[in-house]
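Peer 1: To start, I am sharing the structure in question, which I have written as structure tokens.
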Amino acid sequence: MGNKLNLKRTDFFTYIELNRPEKRNAIDYEVIEQLHVMLDEVKEKQEDKCLVITGTGEDAFCSGGDLSVFHELYTKEDAYQMLHQMSRVLFKLYALNIPTVALLNGLAIGGGAELATACDFRLAAPQSKIGFVQGKLAITTGWGGASMLMERLRPEDAFEMLLSCQIYSAQQAKELGFVQQVLGNNDVKTEAENHFSAWRNVPLQVLKAYKQRKLDRTNLSSLKGRIQKEVEECSILWETDIHHQAVEVFRQRKR
Ligand SMILES: CC[C@@H](C(=O)O)C(=O)SCCNC(=O)CCNC(=O)[C@H](O)C(C)(C)COP(=O)(O)OP(=O)(O)OC[C@H]1O[C@@H](n2cnc3c(N)ncnc32)[C@H](O)[C@@H]1OP(=O)(O)O
């Protein structure tokens, strides 16, 4: 079996690619652990200029937590451990010292939408769809995505996206300000690299300085506290029968 995550570098872009297309790039424990390691590597490596998070294939960017594994988490204490670990990954990504891009090559669902929210920019292939569907599973965003979404969008639009649990087209997500650009039909990485071509000539120290100015707009310790509350709230909901039943419906749907 291949790697569940790939780290690749071109002359300008550093890619972290989720590589579990058979599970719509769902995130399990190993992926969480590898994301921690890779983000530390990117932060410490002095030459990386722009981090792009994407998924393998054309179906999915990321379908959120791996329900074939996480359905075994039954109590709030069990759920907390996993949710807390992944919320730390997303905070690390949010606060990374270089610009970050979520390249939506397909569906970004549940925790996949949270992962996209942690990035500075979201570019979407035309077939992409985005949904904070957690409410349909009788939980809330458990990785800190709601707090980050409130920072990224007008609070009313963020609130609407979260409450509706709706799956939005790339174009609808652009209208809400979640997606900055819907890409054309060519290879998604080529499209994204063309979109950011003007950045190539900008010195790394300038890119890093502007990223810092962007981060300065957010009180990061306050954001961390809000994310912590989100993790705790989701852990409590995770324990309920209604959540376990909803996950079971998903797991049994093809049997
Ligand atoms: C845990 C944290 C929490 C958070 O904080 O946000 C979450 O992320 S909860 C998880 C939220 N995600 C979901 O509820 C998505 C569940 N998946 C789907 O709704 C659909 O699979 C899809 C993503 C809309 C794609 O639909 P479709 O294109 O029709 O493909 P399939 O449904 O046939 O899926 C193909 C294959 O992938 C497996 N799969 C998909 N998503 C997950 C997942 N999240 N976890 C584990 N496995 C997943 C799916 O089971 C299929 O495999 P087979 O059954 O073996 O064919």
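FYI, nothing fancy with the structure tokens labels: chains A, B, ... in order, residues from 1 per chain, ligands from 1 as they appear.
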Please identify every polymer residue within 6 Å of ligand 1, using only C-alpha atoms and all ligand atoms, and present the set as a PyMOL selection string.

Peer 2: chain A and resi 22-24+26+63-68+109-111+134+141-143

Peer 1: Write a file of the selected residues as a compact mmCIF listing (two decimals), in the first residue's frame, keeping N, CA and C atoms.

Peer 2:
# COMPACT_ATOMS: atom_id res chain seq x y z
N GLU A 22 -9.45 5.75 -2.19
CA GLU A 22 -10.46 4.71 -1.97
C GLU A 22 -11.35 5.02 -0.77
N LYS A 23 -10.91 5.94 0.07
CA LYS A 23 -11.72 6.39 1.23
C LYS A 23 -12.04 7.86 1.12
N ARG A 24 -12.01 8.36 -0.09
CA ARG A 24 -12.25 9.78 -0.35
C ARG A 24 -11.35 10.66 0.52
N ALA A 26 -10.12 10.28 3.49
CA ALA A 26 -10.49 10.46 4.90
C ALA A 26 -9.23 10.44 5.78
N SER A 63 -12.79 13.73 2.92
CA SER A 63 -14.15 13.45 3.42
C SER A 63 -14.22 13.50 4.94
N GLY A 64 -13.21 14.13 5.58
CA GLY A 64 -13.26 14.29 7.04
C GLY A 64 -12.66 13.10 7.76
N GLY A 65 -13.10 12.92 9.00
CA GLY A 65 -12.57 11.83 9.82
C GLY A 65 -12.95 10.48 9.24
N ASP A 66 -12.05 9.53 9.38
CA ASP A 66 -12.29 8.18 8.84
C ASP A 66 -13.30 7.45 9.74
N LEU A 67 -14.53 7.41 9.27
CA LEU A 67 -15.61 6.84 10.09
C LEU A 67 -15.48 5.33 10.24
N SER A 68 -14.69 4.70 9.37
CA SER A 68 -14.50 3.25 9.52
C SER A 68 -13.58 2.95 10.71
N ILE A 109 -15.68 17.58 2.72
CA ILE A 109 -16.87 17.29 3.52
C ILE A 109 -16.48 17.12 4.99
N GLY A 110 -17.33 17.61 5.90
CA GLY A 110 -17.07 17.44 7.33
C GLY A 110 -15.70 18.01 7.70
N GLY A 111 -14.88 17.16 8.31
CA GLY A 111 -13.54 17.61 8.69
C GLY A 111 -12.71 18.05 7.49
N GLN A 134 -21.41 18.13 9.59
CA GLN A 134 -21.32 17.50 10.91
C GLN A 134 -22.67 17.44 11.62
N THR A 141 -18.52 20.75 14.44
CA THR A 141 -17.13 20.68 13.96
C THR A 141 -16.25 20.38 15.18
N GLY A 142 -15.47 19.33 15.08
CA GLY A 142 -14.70 18.91 16.26
C GLY A 142 -13.23 19.21 16.16
N TRP A 143 -12.81 19.82 15.06
CA TRP A 143 -11.37 20.07 14.87
C TRP A 143 -11.06 21.57 14.89

Peer 1: Go through range 68-135 of chain A residue by residue and, counting only C-alpha atoms, keep those with an atom at most 8 Å from range 145-167 of chain A; for each kept residue give the shortest atom pair and its distance in Å to one decimal, ordered by chain and increasing number, as JSON lines.

Peer 2:
{"residue": "A:Ile109", "atom": "CA", "partner": "A:Ile167", "partner_atom": "CA", "distance": 7.9}
{"residue": "A:Gly111", "atom": "CA", "partner": "A:Gly145", "partner_atom": "CA", "distance": 7.7}
{"residue": "A:Ala113", "atom": "CA", "partner": "A:Gly145", "partner_atom": "CA", "distance": 7.7}
{"residue": "A:Glu114", "atom": "CA", "partner": "A:Gly145", "partner_atom": "CA", "distance": 4.4}
{"residue": "A:Leu115", "atom": "CA", "partner": "A:Gly145", "partner_atom": "CA", "distance": 7.4}
{"residue": "A:Thr117", "atom": "CA", "partner": "A:Leu149", "partner_atom": "CA", "distance": 6.1}
{"residue": "A:Ala118", "atom": "CA", "partner": "A:Met148", "partner_atom": "CA", "distance": 6.5}
{"residue": "A:Lys129", "atom": "CA", "partner": "A:Ile167", "partner_atom": "CA", "distance": 6.3}
{"residue": "A:Ile130", "atom": "CA", "partner": "A:Ile167", "partner_atom": "CA", "distance": 5.4}
{"residue": "A:Gly131", "atom": "CA", "partner": "A:Ile167", "partner_atom": "CA", "distance": 4.1}
{"residue": "A:Phe132", "atom": "CA", "partner": "A:Cys165", "partner_atom": "CA", "distance": 5.2}
{"residue": "A:Val133", "atom": "CA", "partner": "A:Cys165", "partner_atom": "CA", "distance": 4.3}
{"residue": "A:Gln134", "atom": "CA", "partner": "A:Cys165", "partner_atom": "CA", "distance": 6.8}
{"residue": "A:Gly135", "atom": "CA", "partner": "A:Cys165", "partner_atom": "CA", "distance": 5.9}

Peer 1: Nearest to Lys76 in chain A among A:Ser169, A:Trp199, A:Ile139, A:Lys4, with distances taken over only C-alpha atoms: which residue is it?

Peer 2: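 Selected residue with least distance to Lys76 in chain A: A:Ile139.
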
Peer 1: If you count only C-alpha atoms, which residues fall within 8 Å of Leu123 in chain A, apart from same-chain ones fewer than 2 positions away, as a VMD selection string?

Peer 2: chain A and resid 101 to 104 121 125 179 to 183 192

Peer 1: Would you save the residues from that selection as a PDB file, in the first residue's frame, using C-alpha atoms?

Peer 2:
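Produced file part.pdb, reproduced below:
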ATOM      1  CA  VAL A 101      -3.648  27.109  -0.040  1.00  0.00           C
ATOM      2  CA  ALA A 102      -6.335  24.427   0.057  1.00  0.00           C
ATOM      3  CA  LEU A 103      -6.527  23.144  -3.507  1.00  0.00           C
ATOM      4  CA  LEU A 104      -9.993  21.588  -3.623  1.00  0.00           C
ATOM      5  CA  PHE A 121      -6.778  30.526   0.389  1.00  0.00           C
ATOM      6  CA  ALA A 125     -11.839  22.643  -9.236  1.00  0.00           C
ATOM      7  CA  VAL A 179     -13.625  29.866  -2.165  1.00  0.00           C
ATOM      8  CA  GLN A 180     -11.507  32.619  -3.735  1.00  0.00           C
ATOM      9  CA  GLN A 181     -11.366  31.152  -7.250  1.00  0.00           C
ATOM     10  CA  VAL A 182     -13.137  28.421  -9.177  1.00  0.00           C
ATOM     11  CA  LEU A 183     -10.495  26.985 -11.513  1.00  0.00           C
ATOM     12  CA  ALA A 192      -3.454  26.718  -9.255  1.00  0.00           C
TER      13      ALA A 192
END

Peer 1: For the atom pair CA of Ala170 in chain A and CA of Gly2 in chain A, what is the interatomic distance in Å to one decimal place?

Peer 2: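 Going from CA of Ala170 in chain A over to CA of Gly2 in chain A covers 29.5 Å.
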
Peer 1: Report, in Å to a single decimal, how far apart CA of Ala138 in chain A and CA of His71 in chain A are.

Peer 2: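 Computing it gives 13.4 Å between the two atoms.
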
Peer 1: Write out, as CSV, each residue of range 24-143 of chain A that has an atom at most 12 Å from range 215-237 of chain A, together with the closest pair of atoms and their distance in Å to one decimal, counting only C-alpha atoms, rows going by chain and rising number.

Peer 2:
residue,atom,partner,partner_atom,distance
A:Leu73,CA,A:Ser235,CA,10.1
A:Tyr74,CA,A:Ser235,CA,9.8
A:Thr75,CA,A:Ser235,CA,7.9
A:Lys76,CA,A:Ser235,CA,4.7
A:Glu77,CA,A:Ser235,CA,7.1
A:Asp78,CA,A:Ser235,CA,8.2
A:Ala79,CA,A:Ser235,CA,5.5
A:Tyr80,CA,A:Ser235,CA,5.2
A:Gln81,CA,A:Ser235,CA,9.0
A:Met82,CA,A:Ser235,CA,9.4
A:Leu83,CA,A:Val231,CA,6.0
A:His84,CA,A:Val231,CA,6.2
A:Gln85,CA,A:Val231,CA,9.7
A:Met86,CA,A:Val231,CA,9.6
A:Ser87,CA,A:Ile227,CA,7.2
A:Arg88,CA,A:Lys224,CA,9.0
A:Val89,CA,A:Ile227,CA,11.6
A:Leu90,CA,A:Ile227,CA,9.8
A:Phe91,CA,A:Lys224,CA,7.4
A:Lys92,CA,A:Lys224,CA,10.3
A:Leu93,CA,A:Leu215,CA,11.6
A:Tyr94,CA,A:Leu215,CA,8.6
A:Ala95,CA,A:Leu215,CA,6.9
A:Leu96,CA,A:Leu215,CA,9.0
A:Asn97,CA,A:Leu215,CA,8.8
A:Ile98,CA,A:Leu215,CA,10.4
A:Pro99,CA,A:Leu215,CA,10.4
A:Glu114,CA,A:Ile227,CA,11.7
A:Ala118,CA,A:Ile227,CA,11.8
A:Cys119,CA,A:Leu215,CA,11.8
A:Asp120,CA,A:Leu215,CA,9.9
A:Gln134,CA,A:Cys234,CA,9.7
A:Gly135,CA,A:Leu237,CA,10.2
A:Leu137,CA,A:Leu237,CA,9.6
A:Ala138,CA,A:Leu237,CA,7.0
A:Ile139,CA,A:Leu237,CA,5.4
A:Thr140,CA,A:Cys234,CA,5.4
A:Thr141,CA,A:Cys234,CA,6.7
A:Gly142,CA,A:Val231,CA,4.9
A:Trp143,CA,A:Val231,CA,6.2

Peer 1: Provide the CA of Arg255 in chain A to CA of Asp241 in chain A distance in Å, to one decimal place.

Peer 2: 21.2 Å

Peer 1: For Phe12 in chain A, which residue out of A:Val249, A:Ala198, A:Met38, A:Ala116 is the nearest one, using only C-alpha atoms?

Peer 2: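 Once distances to Phe12 in chain A are computed over only C-alpha atoms, the minimum belongs to A:Ala198.
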
Peer 1: Pick out the closest residue to Asp28 in chain A from this set: A:Glu191, A:Glu72, A:Glu239, A:Asp11. Count only C-alpha atoms.

Peer 2: A:Glu72

Peer 1: Pick out the closest residue to Gln172 in chain A from this set: A:Ala124, A:Cys50, A:Asn185, A:Tyr210. Count only C-alpha atoms.

Peer 2: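 Smallest separation from Gln172 in chain A among the options: A:Ala124.
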
Peer 1: List every residue of range 36-159 of chain A that DSSP, applied to the backbone of this structure, assigns to alpha helix (DSSP H), and report them as a PyMOL selection string.

Peer 2: chain A and resi 36-44+67-70+76-94+111-117+145-152+155-159

Peer 1: Which of these residues is nearest to Tyr15 in chain A, using only C-alpha atoms: A:Glu33, A:Glu248, A:Asp187, A:Glu193?

Peer 2: A:Glu193

Peer 1: Write out as a list in words which residues come within 8 Å of range 34-36 of chain A when counting only C-alpha atoms, dropping same-chain ones fewer than 3 positions away.

Peer 2: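 The contact residues come out as Leu5, Glu30, Val31, Leu39, Asp40 and Val89 of chain A.
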
Peer 1: Could you write out the selected residues, including N, CA and C atoms, as a compact mmCIF listing (two decimals), in the first residue's frame?

Peer 2:
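Saved result, part.txt, follows:
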# COMPACT_ATOMS: atom_id res chain seq x y z
N LEU A 5 -0.07 9.90 2.85
CA LEU A 5 0.19 11.33 2.60
C LEU A 5 1.48 11.45 1.81
N GLU A 30 -3.07 7.72 11.55
CA GLU A 30 -1.75 7.82 10.91
C GLU A 30 -1.63 9.13 10.14
N VAL A 31 -2.72 9.52 9.48
CA VAL A 31 -2.70 10.79 8.73
C VAL A 31 -2.52 11.96 9.70
N LEU A 39 3.99 19.25 8.85
CA LEU A 39 3.85 20.70 9.07
C LEU A 39 5.05 21.23 9.85
N ASP A 40 5.55 20.45 10.80
CA ASP A 40 6.77 20.88 11.52
C ASP A 40 7.93 21.00 10.54
N VAL A 89 -3.35 20.03 14.80
CA VAL A 89 -2.84 20.07 13.42
C VAL A 89 -3.41 21.31 12.69
